[in-house]
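Below is one structure, written out as structure tokens; the observations come after it.
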Amino acid sequence: MPTLADIITVLDGWFDPVWAESWDAVGLVCGDPVEPVERMVLAVDAVPATVAETLATRSQLLFTHHPLLLSGVHGVPADDPKGALVHRLVTGAAALFVAHTNADVAEPGVSDALAGRLGLTGLRPLQALPGEPLDKLVVFVPRVDAQRLIDALAGAGAGALGDYDRCAWTTEGTGTFRPLTGATPAIGKVGRVEQVAETRVEMVVPPSRRAAVLAALRAAHPYEEPAFDLLAGVPLPSGRGTGRIGELAEPMTLRGFTARAAAQLPGTTWGVRAAGDPDRQVRTVAVCGGSGGSLAERARRAGADVYLTADLKHHAAVEAVTERGAGAMALVDVAHWASEAPWLDEVADRLRSQFGTTVEVRVSRRVTDPWTLHTPSPETSPKRT
């Protein structure tokens with residue numbers, strides 16, 4: 001049976017805490033990493049209902065998207081609403097773990113799950129983050145030692161590209177040198193020009209692995225003075241970032257797309273509302289799980305016909321749909337909770353694949369959207385001025 005530490009290692013691998021915003025509060029809130037986890041509950045929010053569900057199912061872990069303690073606290077007394085939840089979890093032998101903005105920018109992350117529910121393909125980040133720059137190592141080695149050197153460099157962290165490792169490019173040539181007095185050559189003699197059949201090996205190196213890779217190079221290379229170049233790389237856009245933009249399989253009207261969103265996303269009192277001409281055709285769609293109003297203009301510039309997110313404000317909506325003329329973009333506003341809940345099912349599937357039957361993974365179906373009442377206006381088609 002895995003421990004809490006085992007599960008945290010996996011989650012941190014998918015949603016690295018270093019990706020979180022500086023103001024965020026992610027990671028382990030309470031719980032002992034050495035304790036075993038047999039059952040866990042996934043939810044958007046840590047609220048009385050989801051804490052109660054965790055304890056009622058005898059789960060040892062509640063994993064949420066939103067932090068319980070986002071603002072700085074100096075204590076968690078039981079007579080404080082949030083402190084009371086921490087006490088209930090601790091006394092119930094349940095841990096609380098959070099992945100928030102680090103999950104928003106992950107690949108796949110919150111917005112990938114949202115886009116998937118809507119049938120979007122060809123996804124790319126709406127606001128891409130730079131990837132880690134990759135240096136390029138070029139080293140010359142006797143041909144008979146090339147594969148052994150590649151193995152050593154790969155073992156130190158060179159040559160990793162996505163889901164592949166030990167990636168290298170090799171070309172054959174002839175190296176020449178003359179050992180001078182004081183040298184102890186592996187090949188040749190002091191004072192005599194030598195020519196050796198050599199292989200040029202090229203591999204990428206993460207900057208964080210420079211020292212380890214160079215140490216491995218010197219240890220594995222047969223020459224006492226190996227010839228190599230290490231060329232610094234520049235950051236390139238990564239697959240990570242906030243929001244996603246993609247394409248529908250076929251164009252549809254804004255009315256039809258809004259109906260699709262209402263049908264595919266979890267139901268809430270808030271429902272789904274749209275701004276723009278109901279009959280306009282949409283195909284390129286941008287989405288952002290959670291409060292994505294700040295990315296509306298970026299979505300428009302990226303060529304989105306419609307942008308779906310949560311918590312849109314009046315003035316931003318007016319600007320998007322009325323003040324851009326031919327470049328106007330439609331908007332679809334959904335409940336914050338509903339835009340993020342689909343991600344829970346994606347994470348649950350990944351956890352089940354990772355841990356099999358050793359951990360029972362449960363997605364809470366409790367609607368923690370705070371809006372509980374919606375009364376439509378008496379006039380269903382108000383005049384527009």
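Here's how to read the names in the structure tokens: chain A, B, ... by the order shown, residue numbers from 1 in each chain, ligand numbers from 1 in the order shown.
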### Spatial neighbours of Leu61 of chain A, 10 Å, only C-alpha atoms, chain gap at least 3 places, as an MDAnalysis selection string
chainID A and resid 4 7 30:31 36:42 51 54:55 58 64 89 93:97 361
Helix (DSSP H, G or I) call set, DSSP backbone run, segment 126-246 of chain A, as an mmCIF file with C-alpha atoms, in the first residue's frame:
data_model
loop_
_atom_site.group_PDB
_atom_site.id
_atom_site.type_symbol
_atom_site.label_atom_id
_atom_site.label_comp_id
_atom_site.auth_asym_id
_atom_site.auth_seq_id
_atom_site.Cartn_x
_atom_site.Cartn_y
_atom_site.Cartn_z
ATOM 1 C CA ARG A 143 35.070 5.766 -32.076
ATOM 2 C CA VAL A 144 35.397 2.609 -29.991
ATOM 3 C CA ASP A 145 34.460 4.539 -26.830
ATOM 4 C CA ALA A 146 31.516 6.526 -28.220
ATOM 5 C CA GLN A 147 28.638 4.346 -26.997
ATOM 6 C CA ARG A 148 30.151 3.944 -23.544
ATOM 7 C CA LEU A 149 30.513 7.729 -23.268
ATOM 8 C CA ILE A 150 26.928 8.295 -24.422
ATOM 9 C CA ASP A 151 25.731 5.891 -21.717
ATOM 10 C CA ALA A 152 27.680 7.794 -19.060
ATOM 11 C CA LEU A 153 26.441 11.208 -20.205
ATOM 12 C CA ALA A 154 22.850 9.977 -20.353
ATOM 13 C CA GLY A 155 23.173 8.560 -16.853
ATOM 14 C CA PRO A 207 21.475 23.715 -17.143
ATOM 15 C CA SER A 208 20.703 22.130 -13.786
ATOM 16 C CA ARG A 209 22.721 19.041 -14.861
ATOM 17 C CA ARG A 210 25.779 20.827 -16.267
ATOM 18 C CA ALA A 211 28.137 19.997 -13.418
ATOM 19 C CA ALA A 212 27.030 16.343 -13.220
ATOM 20 C CA VAL A 213 27.296 15.840 -16.983
ATOM 21 C CA LEU A 214 30.750 17.407 -17.222
ATOM 22 C CA ALA A 215 31.935 15.300 -14.294
ATOM 23 C CA ALA A 216 30.622 12.175 -16.031
ATOM 24 C CA LEU A 217 32.317 13.237 -19.269
ATOM 25 C CA ARG A 218 35.709 13.586 -17.605
ATOM 26 C CA ALA A 219 35.307 10.306 -15.733
ATOM 27 C CA ALA A 220 34.228 8.244 -18.747
#
Sorted by chain and rising residue number, which residues of segment 113-180 of chain A lie within 12 Å of segment 192-198 of chain A, and what are their closest atom pairs and distances in Å to one decimal, counting only C-alpha atoms, as CSV?
residue,atom,partner,partner_atom,distance
A:Val139,CA,A:Glu198,CA,9.9
A:Phe140,CA,A:Glu198,CA,6.3
A:Val141,CA,A:Glu198,CA,5.3
A:Pro142,CA,A:Glu198,CA,4.2
A:Arg143,CA,A:Glu198,CA,4.6
A:Val144,CA,A:Glu198,CA,8.1
A:Asp145,CA,A:Glu198,CA,8.9
A:Ala146,CA,A:Glu198,CA,8.2
A:Gln147,CA,A:Glu198,CA,11.8
A:Thr170,CA,A:Glu198,CA,10.0
A:Thr171,CA,A:Glu198,CA,8.6
A:Glu172,CA,A:Glu198,CA,6.1
A:Gly173,CA,A:Glu198,CA,5.5
A:Thr174,CA,A:Ala197,CA,4.8
A:Gly175,CA,A:Val196,CA,5.2
A:Thr176,CA,A:Gln195,CA,4.4
A:Phe177,CA,A:Glu194,CA,5.5
A:Arg178,CA,A:Val193,CA,4.4
A:Pro179,CA,A:Arg192,CA,6.8
A:Leu180,CA,A:Arg192,CA,8.5
### Message
Restricting the calculation to only C-alpha atoms: of A:Ala115, A:Val90, A:Ala249, A:Ala128, which residue gets closest to Tyr307 of chain A?
### Response
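Of A:Ala115, A:Val90, A:Ala249, A:Ala128, the one nearest Tyr307 of chain A, counting only C-alpha atoms, is A:Ala115.
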#### Entry: Sel. of strand (DSSP E or B) residues, segment 86-301 of chain A, as a count of residues only
81
### Task
Write out as a PyMOL selection string which residues come within 8 Å of Ala25 of chain A when counting only C-alpha atoms, dropping same-chain ones fewer than 3 positions away.
chain A and resi 67+69-70+98+100
C-alpha atoms of the current selection, written as an mmCIF file, in the first residue's frame:
data_model
loop_
_atom_site.group_PDB
_atom_site.id
_atom_site.type_symbol
_atom_site.label_atom_id
_atom_site.label_comp_id
_atom_site.auth_asym_id
_atom_site.auth_seq_id
_atom_site.Cartn_x
_atom_site.Cartn_y
_atom_site.Cartn_z
ATOM 1 C CA PRO A 67 -6.234 25.966 -1.144
ATOM 2 C CA LEU A 69 -5.450 28.355 3.704
ATOM 3 C CA LEU A 70 -4.680 30.727 0.825
ATOM 4 C CA VAL A 98 -3.435 21.027 -2.728
ATOM 5 C CA HIS A 100 -3.692 24.952 -7.582
#
### Query
Can you list, as a ChimeraX atom specification, every protein, DNA or RNA residue that comes within 8 Å of Arg273 of chain A when you count only C-alpha atoms, leaving out same-chain residues fewer than 6 positions away?
/A:258,332-334
### Message
What's around Leu344 of chain A at 9 Å? Count only C-alpha atoms, leave out sequence neighbours fewer than 4 positions away in its own chain, and write the answer as number ranges by chain.
### Response
A: 42-44, 64-65, 110, 113, 340, 348-349, 363-364
Given the selection you just returned, output its residues as a file containing N, CA and C atoms, formatted as a CSV table (one decimal), in the first residue's frame.
chain,number,residue,atom,x,y,z
A,42,LEU,N,-11.1,13.3,-4.2
A,42,LEU,CA,-10.7,14.5,-5.0
A,42,LEU,C,-11.8,15.5,-5.1
A,43,ALA,N,-11.5,16.7,-4.8
A,43,ALA,CA,-12.6,17.8,-4.9
A,43,ALA,C,-12.0,19.1,-5.3
A,44,VAL,N,-12.8,20.0,-5.8
A,44,VAL,CA,-12.3,21.3,-6.1
A,44,VAL,C,-12.0,22.1,-4.8
A,64,THR,N,-7.4,18.6,-3.1
A,64,THR,CA,-8.2,19.6,-3.7
A,64,THR,C,-7.4,20.5,-4.6
A,65,HIS,N,-8.2,21.2,-5.4
A,65,HIS,CA,-7.6,22.2,-6.3
A,65,HIS,C,-7.4,23.6,-5.6
A,110,VAL,N,-5.6,21.8,-15.8
A,110,VAL,CA,-7.0,22.1,-15.6
A,110,VAL,C,-7.7,22.5,-16.9
A,113,ALA,N,-8.4,19.6,-19.5
A,113,ALA,CA,-9.6,18.8,-19.2
A,113,ALA,C,-10.9,19.6,-19.6
A,340,GLU,N,-13.6,23.9,-13.5
A,340,GLU,CA,-12.4,23.2,-12.9
A,340,GLU,C,-12.7,21.8,-12.5
A,348,ALA,N,-8.0,11.6,-11.5
A,348,ALA,CA,-8.4,10.3,-10.9
A,348,ALA,C,-8.0,9.2,-11.8
A,349,ASP,N,-8.2,9.3,-13.1
A,349,ASP,CA,-7.8,8.3,-14.1
A,349,ASP,C,-6.3,8.1,-14.0
A,363,VAL,N,-13.9,10.6,-6.8
A,363,VAL,CA,-14.1,12.0,-7.2
A,363,VAL,C,-15.4,12.5,-6.5
A,364,SER,N,-15.3,13.5,-5.7
A,364,SER,CA,-16.5,14.0,-5.1
A,364,SER,C,-17.5,14.6,-6.1
Quick one: contact table of segment 126-162 of chain A to segment 236-246 of chain A, 9 Å max, nearest atom pair and distance in Å to one decimal per residue, counting only C-alpha atoms, chain and number order, as CSV?
residue,atom,partner,partner_atom,distance
A:Leu126,CA,A:Arg244,CA,4.8
A:Gln127,CA,A:Thr242,CA,5.1
A:Ala128,CA,A:Gly241,CA,4.2
A:Leu129,CA,A:Gly241,CA,4.9
A:Pro130,CA,A:Pro237,CA,4.4
A:Gly131,CA,A:Ser238,CA,4.5
A:Glu132,CA,A:Leu236,CA,7.4
A:Pro133,CA,A:Leu236,CA,6.7
A:Leu134,CA,A:Leu236,CA,9.0
### Task
Pick out the closest residue to Leu137 of chain A from this set: A:Leu85, A:Leu118, A:Ala78, A:Leu230. Count only C-alpha atoms.
A:Leu230
### Query
What does the distance from atom CA of Arg280 of chain A to atom CA of Ala259 of chain A come to in Å, to one decimal?
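Taking atom CA of Arg280 of chain A and atom CA of Ala259 of chain A, their separation equals 14.0 Å.
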### Query
For Ala261 of chain A, which residue out of A:Ala338, A:Ala330, A:Ala183, A:Ala302 is the nearest one, using only C-alpha atoms?
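Under the stated criterion, the closest residue is A:Ala338.
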